[in-house]
file upload.pdb (PDB, C-alpha atoms)
ATOM      1  CA  MET A   1       7.954  17.332 -10.849
ATOM      2  CA  THR A   2      11.464  18.410 -10.029
ATOM      3  CA  LEU A   3      12.994  17.893  -6.597
ATOM      4  CA  PHE A   4      12.660  21.585  -5.764
ATOM      5  CA  GLN A   5       9.002  21.653  -6.815
ATOM      6  CA  LEU A   6       8.327  18.664  -4.555
ATOM      7  CA  ILE A   7      10.092  20.333  -1.613
ATOM      8  CA  LYS A   8       8.166  23.559  -2.166
ATOM      9  CA  GLU A   9       4.922  21.565  -2.174
ATOM     10  CA  ASP A  10       5.991  19.746   1.016
ATOM     11  CA  PHE A  11       6.343  23.105   2.786
ATOM     12  CA  LEU A  12       2.771  24.013   1.789
ATOM     13  CA  VAL A  13       1.181  20.772   3.061
ATOM     14  CA  PRO A  14       0.931  21.755   6.769
ATOM     15  CA  LYS A  15      -1.171  24.774   5.806
ATOM     16  CA  LEU A  16      -3.746  22.380   4.385
ATOM     17  CA  ASN A  17      -3.644  19.825   7.208
ATOM     18  CA  ASP A  18      -2.892  21.619  10.468
ATOM     19  CA  PRO A  19      -5.056  24.445  11.824
ATOM     20  CA  ALA A  20      -2.439  24.969  14.566
ATOM     21  CA  LEU A  21      -0.019  26.494  12.032
ATOM     22  CA  HIS A  22      -0.233  30.268  12.401
ATOM     23  CA  ASN A  23       2.755  31.460  10.362
ATOM     24  CA  ASN A  24       5.522  30.211   8.100
ATOM     25  CA  PHE A  25       8.168  30.752  10.784
ATOM     26  CA  GLU A  26       6.676  27.873  12.804
ATOM     27  CA  LEU A  27       7.468  25.485   9.959
ATOM     28  CA  LEU A  28      11.177  25.862  10.665
ATOM     29  CA  PHE A  29      11.022  24.729  14.293
ATOM     30  CA  ASN A  30       7.741  22.936  14.983
ATOM     31  CA  TYR A  31       7.240  20.510  12.109
ATOM     32  CA  PRO A  32       9.807  17.684  12.184
ATOM     33  CA  GLY A  33       7.592  15.660   9.832
ATOM     34  CA  VAL A  34       8.021  18.257   7.103
ATOM     35  CA  TRP A  35      11.801  18.270   7.554
ATOM     36  CA  ALA A  36      11.898  14.463   7.571
ATOM     37  CA  ILE A  37      10.038  14.358   4.244
ATOM     38  CA  ILE A  38      12.302  17.021   2.718
ATOM     39  CA  ASN A  39      15.440  15.203   3.886
ATOM     40  CA  TYR A  40      13.946  11.978   2.511
ATOM     41  CA  ARG A  41      13.387  13.627  -0.889
ATOM     42  CA  ILE A  42      17.070  14.592  -1.093
ATOM     43  CA  ALA A  43      18.274  11.205   0.164
ATOM     44  CA  ASN A  44      15.908   9.353  -2.177
ATOM     45  CA  LYS A  45      17.190  11.300  -5.185
ATOM     46  CA  LEU A  46      20.765  10.425  -4.243
ATOM     47  CA  TYR A  47      19.866   6.785  -3.521
ATOM     48  CA  ASN A  48      18.180   6.352  -6.904
ATOM     49  CA  ASN A  49      21.223   7.877  -8.639
ATOM     50  CA  GLY A  50      23.648   5.390  -7.090
ATOM     51  CA  PHE A  51      24.891   7.435  -4.106
ATOM     52  CA  LYS A  52      23.486   4.949  -1.592
ATOM     53  CA  LEU A  53      26.007   5.536   1.198
ATOM     54  CA  LEU A  54      25.564   9.309   1.073
ATOM     55  CA  ALA A  55      21.781   8.827   1.034
ATOM     56  CA  ARG A  56      21.982   6.622   4.129
ATOM     57  CA  ILE A  57      24.150   9.215   5.892
ATOM     58  CA  ILE A  58      21.592  11.957   5.166
ATOM     59  CA  SER A  59      18.841   9.615   6.334
ATOM     60  CA  GLY A  60      20.737   8.948   9.580
ATOM     61  CA  ILE A  61      21.309  12.646  10.262
ATOM     62  CA  SER A  62      17.635  13.327   9.564
ATOM     63  CA  GLN A  63      16.622  10.560  11.966
ATOM     64  CA  PHE A  64      18.837  12.074  14.667
ATOM     65  CA  LEU A  65      17.363  15.558  14.155
ATOM     66  CA  THR A  66      13.683  14.645  13.702
ATOM     67  CA  ASN A  67      13.307  11.258  15.462
ATOM     68  CA  ILE A  68      11.645  10.005  12.269
ATOM     69  CA  ASP A  69      13.245   7.054  10.464
ATOM     70  CA  ILE A  70      12.567   7.011   6.720
ATOM     71  CA  HIS A  71      14.598   4.658   4.539
ATOM     72  CA  PRO A  72      15.843   6.520   1.443
ATOM     73  CA  ALA A  73      14.784   3.679  -0.865
ATOM     74  CA  CYS A  74      11.083   3.811   0.006
ATOM     75  CA  ASN A  75       8.618   5.509  -2.311
ATOM     76  CA  ILE A  76       6.676   8.485  -0.895
ATOM     77  CA  GLY A  77       4.183  10.352  -3.064
ATOM     78  CA  ARG A  78       3.074  13.962  -3.059
ATOM     79  CA  ARG A  79       1.483  15.925  -0.218
ATOM     80  CA  VAL A  80       2.238  13.287   2.428
ATOM     81  CA  PHE A  81       2.045  14.870   5.882
ATOM     82  CA  ILE A  82       3.625  13.421   9.013
ATOM     83  CA  ASP A  83       1.961  15.266  11.895
ATOM     84  CA  HIS A  84       3.714  15.271  15.298
ATOM     85  CA  GLY A  85       5.956  12.684  13.713
ATOM     86  CA  PHE A  86       8.138  11.496  16.579
ATOM     87  CA  GLY A  87       8.790   7.769  16.439
ATOM     88  CA  VAL A  88       7.578   7.223  12.873
ATOM     89  CA  VAL A  89       9.385   4.395  11.036
ATOM     90  CA  ILE A  90       9.012   3.858   7.281
ATOM     91  CA  GLY A  91      10.780   0.790   5.887
ATOM     92  CA  GLU A  92      12.807   0.296   2.732
ATOM     93  CA  THR A  93      10.172  -1.155   0.387
ATOM     94  CA  THR A  94       7.240   0.907   1.661
ATOM     95  CA  ILE A  95       5.116   2.687  -0.925
ATOM     96  CA  ILE A  96       3.046   5.672   0.197
ATOM     97  CA  LYS A  97       0.835   7.266  -2.444
ATOM     98  CA  ASP A  98      -0.422  10.884  -2.519
ATOM     99  CA  ASP A  99      -2.291  12.830   0.188
ATOM    100  CA  VAL A 100      -1.647  10.463   3.088
ATOM    101  CA  LEU A 101      -1.786  11.719   6.685
ATOM    102  CA  ILE A 102       0.454   9.929   9.216
ATOM    103  CA  TYR A 103       0.512  10.585  12.954
ATOM    104  CA  GLN A 104       3.224  10.012  15.569
ATOM    105  CA  GLY A 105       4.543   6.588  16.464
ATOM    106  CA  VAL A 106       3.435   4.889  13.243
ATOM    107  CA  THR A 107       5.474   1.941  11.975
ATOM    108  CA  LEU A 108       5.300   0.848   8.360
ATOM    109  CA  GLY A 109       7.464  -2.201   8.868
ATOM    110  CA  GLY A 110       8.407  -5.573   7.536
ATOM    111  CA  VAL A 111       7.964  -9.035   9.015
ATOM    112  CA  SER A 112      10.274 -10.940   6.680
ATOM    113  CA  LEU A 113      14.036 -11.073   6.246
ATOM    114  CA  THR A 114      13.796 -12.014   2.570
ATOM    115  CA  HIS A 115      14.752  -9.576  -0.161
ATOM    116  CA  GLY A 116      12.047  -7.944  -2.268
ATOM    117  CA  LYS A 117       8.816  -6.196  -1.278
ATOM    118  CA  ARG A 118       8.332  -6.735   2.453
ATOM    119  CA  HIS A 119       6.759  -3.465   3.650
ATOM    120  CA  PRO A 120       3.231  -2.091   3.192
ATOM    121  CA  THR A 121       1.692  -0.075   0.393
ATOM    122  CA  ILE A 122      -0.499   2.831   1.509
ATOM    123  CA  GLU A 123      -2.860   4.024  -1.224
ATOM    124  CA  SER A 124      -3.928   7.661  -1.654
ATOM    125  CA  ASN A 125      -5.972   9.682   0.852
ATOM    126  CA  CYS A 126      -5.439   7.385   3.840
ATOM    127  CA  VAL A 127      -5.176   8.394   7.494
ATOM    128  CA  ILE A 128      -2.866   6.377   9.751
ATOM    129  CA  GLY A 129      -3.609   6.980  13.444
ATOM    130  CA  SER A 130      -1.053   7.477  16.228
ATOM    131  CA  GLY A 131       0.919   4.400  17.181
ATOM    132  CA  ALA A 132      -0.492   2.212  14.411
ATOM    133  CA  LYS A 133       1.675  -0.645  13.188
ATOM    134  CA  ILE A 134       1.190  -1.748   9.592
ATOM    135  CA  LEU A 135       3.350  -4.788   9.043
ATOM    136  CA  GLY A 136       4.348  -6.822   6.014
ATOM    137  CA  ASN A 137       3.716  -6.667   2.290
ATOM    138  CA  ILE A 138       0.071  -5.639   2.579
ATOM    139  CA  THR A 139      -2.014  -2.909   0.976
ATOM    140  CA  ILE A 140      -4.133  -0.284   2.690
ATOM    141  CA  GLY A 141      -6.771   0.752   0.140
ATOM    142  CA  SER A 142      -7.399   4.357  -0.808
ATOM    143  CA  LYS A 143      -9.475   6.589   1.498
ATOM    144  CA  SER A 144      -9.070   4.157   4.394
ATOM    145  CA  LYS A 145      -8.410   4.906   8.047
ATOM    146  CA  ILE A 146      -6.284   2.987  10.499
ATOM    147  CA  GLY A 147      -7.227   3.637  14.116
ATOM    148  CA  ALA A 148      -4.690   4.656  16.750
ATOM    149  CA  ASN A 149      -2.554   1.805  18.141
ATOM    150  CA  SER A 150      -4.011  -0.713  15.694
ATOM    151  CA  VAL A 151      -1.823  -3.532  14.414
ATOM    152  CA  VAL A 152      -2.602  -4.268  10.776
ATOM    153  CA  ILE A 153      -1.294  -7.522   9.308
ATOM    154  CA  ASN A 154      -3.802  -8.069   6.475
ATOM    155  CA  ASP A 155      -4.920  -6.040   3.472
ATOM    156  CA  VAL A 156      -7.516  -3.320   4.087
ATOM    157  CA  ASP A 157     -10.007  -2.604   1.310
ATOM    158  CA  GLU A 158     -10.497   0.935   0.073
ATOM    159  CA  ASN A 159     -12.958   3.169   1.936
ATOM    160  CA  SER A 160     -12.576   1.071   5.082
ATOM    161  CA  THR A 161     -11.734   1.623   8.710
ATOM    162  CA  ALA A 162      -9.468  -0.820  10.552
ATOM    163  CA  VAL A 163      -9.129  -0.828  14.335
ATOM    164  CA  GLY A 164      -7.831  -3.110  17.061
ATOM    165  CA  VAL A 165      -5.099  -5.653  17.742
ATOM    166  CA  PRO A 166      -5.046  -7.395  15.384
ATOM    167  CA  ALA A 167      -6.953  -4.850  13.316
ATOM    168  CA  ARG A 168     -10.439  -5.720  12.163
ATOM    169  CA  VAL A 169     -11.983  -4.040   9.160
ATOM    170  CA  ILE A 170     -15.275  -2.162   9.424
ATOM    171  CA  LYS A 171     -16.612  -0.954   6.080
ATOM    172  CA  ARG A 172     -18.218   2.430   6.528
ATOM    173  CA  LYS A 173     -17.809   4.330   3.316
ATOM    174  CA  SER A 174     -19.510   7.455   4.636
ATOM    175  CA  LEU A 175     -16.951   7.734   7.451
ATOM    176  CA  CYS A 176     -13.981   7.381   5.155
ATOM    177  CA  ALA A 177     -14.853  10.093   2.667
ATOM    178  CA  THR A 178     -13.072  12.838   4.627
ATOM    179  CA  HIS A 179     -10.085  13.200   6.917
ATOM    180  CA  ASP A 180     -12.331  13.381  10.000
ATOM    181  CA  HIS A 181     -10.130  10.813  11.686
ATOM    182  CA  ASN A 182     -11.804  11.300  15.057
ATOM    183  CA  ILE A 183     -14.875   9.462  13.743
ATOM    184  CA  LEU A 184     -13.953   5.817  14.280
ATOM    185  CA  PRO A 185     -16.159   2.984  15.464
ATOM    186  CA  ASP A 186     -15.693   1.728  19.018
ATOM    187  CA  ILE A 187     -15.386  -2.022  18.486
ATOM    188  CA  ASN A 188     -15.334  -2.881  22.202
ATOM    189  CA  LYS A 189     -18.452  -0.818  22.888
ATOM    190  CA  GLU A 190     -20.302  -2.462  20.011
ATOM    191  CA  LEU A 191     -19.218  -5.920  21.231
ATOM    192  CA  PHE A 192     -20.413  -5.273  24.797
ATOM    193  CA  GLU A 193     -23.745  -3.905  23.542
ATOM    194  CA  TYR A 194     -24.153  -7.030  21.419
ATOM    195  CA  LEU A 195     -23.373  -9.303  24.379
ATOM    196  CA  LEU A 196     -25.786  -7.417  26.642
ATOM    197  CA  LYS A 197     -28.576  -7.879  24.101
TER     198      LYS A 197
END
call {"tool": "encode", "arguments": {"input": "upload.pdb", "output": "structure tokens"}}
result
Amino acid sequence: MTLFQLIKEDFLVPKLNDPALHNNFELLFNYPGVWAIINYRIANKLYNNGFKLLARIISGISQFLTNIDIHPACNIGRRVFIDHGFGVVIGETTIIKDDVLIYQGVTLGGVSLTHGKRHPTIESNCVIGSGAKILGNITIGSKSKIGANSVVINDVDENSTAVGVPARVIKRKSLCATHDHNILPDINKELFEYLLK
């Protein structure tokens, strides 16, 4: 796909993911995540063609305008949607595959100062809940969900749900088949019920 085809597709993504969108005019003023992705696409193209300083400048301006920090060297696939994206941070070596939904306050960060791959890989069709921190060179498997405010420091298998600090994995394939991200297990409730028994 060309850059312009990708940007056109990025503008269509909120219509698929956000029932609060009532008209195209709202996209211009109420969807900083869309603008952050579009600015990233331009910066990434420049970065990959050797204009690294210019790409970083565009990235900085975008961060100032949207409050979303996306490094121009990361790799973001198609139809990625950052919903209510304030405070999202996506590091330099992050890989995000297609059809991923990211909520506000998410950090896809590194834990190492070494060069090379040090940020997470998010496979296709994942949902990353508000405030989640996914740290290090780990992989979140396809169709997985990360609960709000979870801190993930280990790989998550596909079709899994991870919640908590540090995140624990609960395999519930039936829950992970859709983007119904409000259906997450309550680990604390289950633990207390177990202890009471």
call {"tool": "atom_distance", "arguments": {"input": "upload.pdb", "atom1": "atom CA of A:Thr94", "atom2": "atom CA of A:Glu123"}}
result
11.0 Å
call {"tool": "atom_distance", "arguments": {"input": "upload.pdb", "atom1": "atom CA of A:Val100", "atom2": "atom CA of A:Asp69"}}
result
17.0 Å
call {"tool": "atom_distance", "arguments": {"input": "upload.pdb", "atom1": "atom CA of A:Phe64", "atom2": "atom CA of A:His22"}}
result
26.5 Å
call {"tool": "resolve_selection", "arguments": {"input": "upload.pdb", "expression": "the PyMOL selection byres ((chain A and resi 6) around 12)", "output": "list in words"}}
result
Met1, Thr2, Leu3, Phe4, Gln5, Ile7, Lys8, Glu9, Asp10, Phe11, Leu12, Val13, Val34, Ile37, Ile38, Asn39, Tyr40, Arg41, Ile42, Lys45, Ile76, Gly77, Arg78, Arg79, Val80 and Asp98 of chain A
call {"tool": "residues_around", "arguments": {"input": "upload.pdb", "residues": "A:Ile57", "least_positions_apart": "4", "cutoff": "12 Å", "atoms": "only C-alpha atoms", "output": "count of residues only"}}
result
17
call {"tool": "closest_residue", "arguments": {"input": "upload.pdb", "among": "A:Gly136, A:Gly85, A:Gly129, A:Pro166", "to": "A:Tyr31", "atoms": "only C-alpha atoms"}}
result
A:Gly85
call {"tool": "residues_around", "arguments": {"input": "upload.pdb", "residues": "A:Gly91", "least_positions_apart": "5", "cutoff": "8 Å", "atoms": "all atoms listed in the file", "output": "PyMOL selection string"}}
result
chain A and resi 70-71+74+108-110+119
call {"tool": "resolve_selection", "arguments": {"input": "upload.pdb", "expression": "the PyMOL selection byres ((chain A and resi 111) around 12)", "output": "ChimeraX atom specification"}}
result
/A:91,93,107-110,112-115,117-120,133-138,152-153
call {"tool": "residues_around", "arguments": {"input": "upload.pdb", "residues": "A:Arg168", "least_positions_apart": "5", "cutoff": "10 Å", "atoms": "all atoms listed in the file", "output": "list of chain:residue names"}}
result
A:Ile146, A:Ser150, A:Val151, A:Val152, A:Ile153, A:Asn154, A:Val156, A:Thr161, A:Ala162, A:Val163, A:Ile187
call {"tool": "write_last_selection", "arguments": {"input": "upload.pdb", "atoms": "C-alpha atoms", "output": "PDB file, in the coordinates of the input"}}
result
ATOM      1  CA  ILE A 146      -6.284   2.987  10.499  1.00  0.00           C
ATOM      2  CA  SER A 150      -4.011  -0.713  15.694  1.00  0.00           C
ATOM      3  CA  VAL A 151      -1.823  -3.532  14.414  1.00  0.00           C
ATOM      4  CA  VAL A 152      -2.602  -4.268  10.776  1.00  0.00           C
ATOM      5  CA  ILE A 153      -1.294  -7.522   9.308  1.00  0.00           C
ATOM      6  CA  ASN A 154      -3.802  -8.069   6.475  1.00  0.00           C
ATOM      7  CA  VAL A 156      -7.516  -3.320   4.087  1.00  0.00           C
ATOM      8  CA  THR A 161     -11.734   1.623   8.710  1.00  0.00           C
ATOM      9  CA  ALA A 162      -9.468  -0.820  10.552  1.00  0.00           C
ATOM     10  CA  VAL A 163      -9.129  -0.828  14.335  1.00  0.00           C
ATOM     11  CA  ILE A 187     -15.386  -2.022  18.486  1.00  0.00           C
TER      12      ILE A 187
END
call {"tool": "axis_aligned_box", "arguments": {"input": "upload.pdb", "around": "stretch 77-81 of chain A", "padding_each_side": "6 Å", "output": "JSON"}}
result
{"center_x": 2.8, "center_y": 13.1, "center_z": 1.4, "size_x": 14.7, "size_y": 17.6, "size_z": 20.9}
call {"tool": "residues_near_point", "arguments": {"input": "upload.pdb", "point": "(2.6, 4.6, 16.2)", "cutoff": "6 Å", "atoms": "only C-alpha atoms", "output": "JSON, numbers by chain"}}
result
{"A": [104, 105, 106, 107, 130, 131, 132]}
call {"tool": "write_last_selection", "arguments": {"input": "upload.pdb", "atoms": "C-alpha atoms", "output": "CSV table (one decimal), in the frame of the given file"}}
result
chain,number,residue,atom,x,y,z
A,104,GLN,CA,3.2,10.0,15.6
A,105,GLY,CA,4.5,6.6,16.5
A,106,VAL,CA,3.4,4.9,13.2
A,107,THR,CA,5.5,1.9,12.0
A,130,SER,CA,-1.1,7.5,16.2
A,131,GLY,CA,0.9,4.4,17.2
A,132,ALA,CA,-0.5,2.2,14.4
call {"tool": "build_atoms", "arguments": {"input": "upload.pdb", "residues": "stretch 7-18 of chain A", "atoms": "all heavy atoms", "output": "PDB file, in the frame of the given file"}}
result
ATOM      1  N   ILE A   7       9.762  19.761  -2.926  1.00  0.00           N
ATOM      2  CA  ILE A   7      10.092  20.333  -1.613  1.00  0.00           C
ATOM      3  C   ILE A   7       9.232  21.562  -1.331  1.00  0.00           C
ATOM      4  O   ILE A   7       8.721  21.729  -0.217  1.00  0.00           O
ATOM      5  CB  ILE A   7      11.601  20.662  -1.541  1.00  0.00           C
ATOM      6  CG1 ILE A   7      12.409  19.366  -1.488  1.00  0.00           C
ATOM      7  CG2 ILE A   7      11.907  21.562  -0.348  1.00  0.00           C
ATOM      8  CD1 ILE A   7      13.905  19.536  -1.578  1.00  0.00           C
ATOM      9  N   LYS A   8       9.029  22.389  -2.340  1.00  0.00           N
ATOM     10  CA  LYS A   8       8.166  23.559  -2.166  1.00  0.00           C
ATOM     11  C   LYS A   8       6.751  23.123  -1.801  1.00  0.00           C
ATOM     12  O   LYS A   8       6.109  23.694  -0.910  1.00  0.00           O
ATOM     13  CB  LYS A   8       8.156  24.396  -3.446  1.00  0.00           C
ATOM     14  CG  LYS A   8       7.328  25.654  -3.348  1.00  0.00           C
ATOM     15  CD  LYS A   8       7.374  26.446  -4.637  1.00  0.00           C
ATOM     16  CE  LYS A   8       6.500  27.693  -4.545  1.00  0.00           C
ATOM     17  NZ  LYS A   8       6.478  28.444  -5.806  1.00  0.00           N
ATOM     18  N   GLU A   9       6.255  22.092  -2.475  1.00  0.00           N
ATOM     19  CA  GLU A   9       4.922  21.565  -2.174  1.00  0.00           C
ATOM     20  C   GLU A   9       4.862  20.983  -0.757  1.00  0.00           C
ATOM     21  O   GLU A   9       3.871  21.158  -0.050  1.00  0.00           O
ATOM     22  CB  GLU A   9       4.553  20.501  -3.210  1.00  0.00           C
ATOM     23  CG  GLU A   9       3.132  19.999  -3.086  1.00  0.00           C
ATOM     24  CD  GLU A   9       2.781  19.020  -4.182  1.00  0.00           C
ATOM     25  OE1 GLU A   9       3.470  17.977  -4.312  1.00  0.00           O
ATOM     26  OE2 GLU A   9       1.815  19.283  -4.911  1.00  0.00           O
ATOM     27  N   ASP A  10       5.945  20.312  -0.337  1.00  0.00           N
ATOM     28  CA  ASP A  10       5.991  19.746   1.016  1.00  0.00           C
ATOM     29  C   ASP A  10       5.863  20.832   2.079  1.00  0.00           C
ATOM     30  O   ASP A  10       5.248  20.616   3.124  1.00  0.00           O
ATOM     31  CB  ASP A  10       7.291  18.960   1.230  1.00  0.00           C
ATOM     32  CG  ASP A  10       7.328  17.666   0.436  1.00  0.00           C
ATOM     33  OD1 ASP A  10       6.249  17.092   0.186  1.00  0.00           O
ATOM     34  OD2 ASP A  10       8.430  17.229   0.064  1.00  0.00           O
ATOM     35  N   PHE A  11       6.451  22.001   1.830  1.00  0.00           N
ATOM     36  CA  PHE A  11       6.343  23.105   2.786  1.00  0.00           C
ATOM     37  C   PHE A  11       4.914  23.658   2.863  1.00  0.00           C
ATOM     38  O   PHE A  11       4.525  24.236   3.872  1.00  0.00           O
ATOM     39  CB  PHE A  11       7.306  24.237   2.420  1.00  0.00           C
ATOM     40  CG  PHE A  11       8.659  24.088   3.038  1.00  0.00           C
ATOM     41  CD1 PHE A  11       9.789  23.965   2.247  1.00  0.00           C
ATOM     42  CD2 PHE A  11       8.825  24.076   4.417  1.00  0.00           C
ATOM     43  CE1 PHE A  11      11.048  23.829   2.820  1.00  0.00           C
ATOM     44  CE2 PHE A  11      10.072  23.944   4.992  1.00  0.00           C
ATOM     45  CZ  PHE A  11      11.182  23.818   4.196  1.00  0.00           C
ATOM     46  N   LEU A  12       4.137  23.495   1.804  1.00  0.00           N
ATOM     47  CA  LEU A  12       2.771  24.013   1.789  1.00  0.00           C
ATOM     48  C   LEU A  12       1.765  23.056   2.437  1.00  0.00           C
ATOM     49  O   LEU A  12       0.674  23.474   2.828  1.00  0.00           O
ATOM     50  CB  LEU A  12       2.340  24.305   0.347  1.00  0.00           C
ATOM     51  CG  LEU A  12       3.147  25.379  -0.383  1.00  0.00           C
ATOM     52  CD1 LEU A  12       2.703  25.480  -1.842  1.00  0.00           C
ATOM     53  CD2 LEU A  12       3.017  26.725   0.304  1.00  0.00           C
ATOM     54  N   VAL A  13       2.112  21.789   2.565  1.00  0.00           N
ATOM     55  CA  VAL A  13       1.181  20.772   3.061  1.00  0.00           C
ATOM     56  C   VAL A  13       0.656  21.061   4.468  1.00  0.00           C
ATOM     57  O   VAL A  13      -0.541  20.903   4.716  1.00  0.00           O
ATOM     58  CB  VAL A  13       1.818  19.367   2.968  1.00  0.00           C
ATOM     59  CG1 VAL A  13       0.987  18.328   3.694  1.00  0.00           C
ATOM     60  CG2 VAL A  13       1.980  18.967   1.513  1.00  0.00           C
ATOM     61  N   PRO A  14       1.485  21.489   5.428  1.00  0.00           N
ATOM     62  CA  PRO A  14       0.931  21.755   6.769  1.00  0.00           C
ATOM     63  C   PRO A  14      -0.171  22.803   6.778  1.00  0.00           C
ATOM     64  O   PRO A  14      -1.090  22.742   7.603  1.00  0.00           O
ATOM     65  CB  PRO A  14       2.143  22.239   7.563  1.00  0.00           C
ATOM     66  CG  PRO A  14       3.311  21.651   6.869  1.00  0.00           C
ATOM     67  CD  PRO A  14       2.936  21.632   5.417  1.00  0.00           C
ATOM     68  N   LYS A  15      -0.123  23.750   5.872  1.00  0.00           N
ATOM     69  CA  LYS A  15      -1.171  24.774   5.806  1.00  0.00           C
ATOM     70  C   LYS A  15      -2.522  24.153   5.478  1.00  0.00           C
ATOM     71  O   LYS A  15      -3.560  24.654   5.897  1.00  0.00           O
ATOM     72  CB  LYS A  15      -0.812  25.831   4.762  1.00  0.00           C
ATOM     73  CG  LYS A  15       0.399  26.649   5.131  1.00  0.00           C
ATOM     74  CD  LYS A  15       0.738  27.647   4.048  1.00  0.00           C
ATOM     75  CE  LYS A  15       1.994  28.416   4.416  1.00  0.00           C
ATOM     76  NZ  LYS A  15       2.387  29.371   3.386  1.00  0.00           N
ATOM     77  N   LEU A  16      -2.505  23.058   4.748  1.00  0.00           N
ATOM     78  CA  LEU A  16      -3.746  22.380   4.385  1.00  0.00           C
ATOM     79  C   LEU A  16      -4.224  21.428   5.466  1.00  0.00           C
ATOM     80  O   LEU A  16      -5.417  21.136   5.555  1.00  0.00           O
ATOM     81  CB  LEU A  16      -3.538  21.594   3.075  1.00  0.00           C
ATOM     82  CG  LEU A  16      -3.069  22.379   1.865  1.00  0.00           C
ATOM     83  CD1 LEU A  16      -2.750  21.438   0.711  1.00  0.00           C
ATOM     84  CD2 LEU A  16      -4.124  23.391   1.455  1.00  0.00           C
ATOM     85  N   ASN A  17      -3.311  20.909   6.284  1.00  0.00           N
ATOM     86  CA  ASN A  17      -3.644  19.825   7.208  1.00  0.00           C
ATOM     87  C   ASN A  17      -3.609  20.183   8.686  1.00  0.00           C
ATOM     88  O   ASN A  17      -4.043  19.378   9.511  1.00  0.00           O
ATOM     89  CB  ASN A  17      -2.689  18.643   6.979  1.00  0.00           C
ATOM     90  CG  ASN A  17      -2.972  17.928   5.686  1.00  0.00           C
ATOM     91  OD1 ASN A  17      -3.983  17.259   5.548  1.00  0.00           O
ATOM     92  ND2 ASN A  17      -2.083  18.087   4.723  1.00  0.00           N
ATOM     93  N   ASP A  18      -3.047  21.324   9.043  1.00  0.00           N
ATOM     94  CA  ASP A  18      -2.892  21.619  10.468  1.00  0.00           C
ATOM     95  C   ASP A  18      -3.386  23.023  10.804  1.00  0.00           C
ATOM     96  O   ASP A  18      -2.719  24.009  10.499  1.00  0.00           O
ATOM     97  CB  ASP A  18      -1.424  21.468  10.873  1.00  0.00           C
ATOM     98  CG  ASP A  18      -1.235  21.462  12.371  1.00  0.00           C
ATOM     99  OD1 ASP A  18      -2.218  21.688  13.109  1.00  0.00           O
ATOM    100  OD2 ASP A  18      -0.098  21.220  12.820  1.00  0.00           O
TER     101      ASP A  18
END
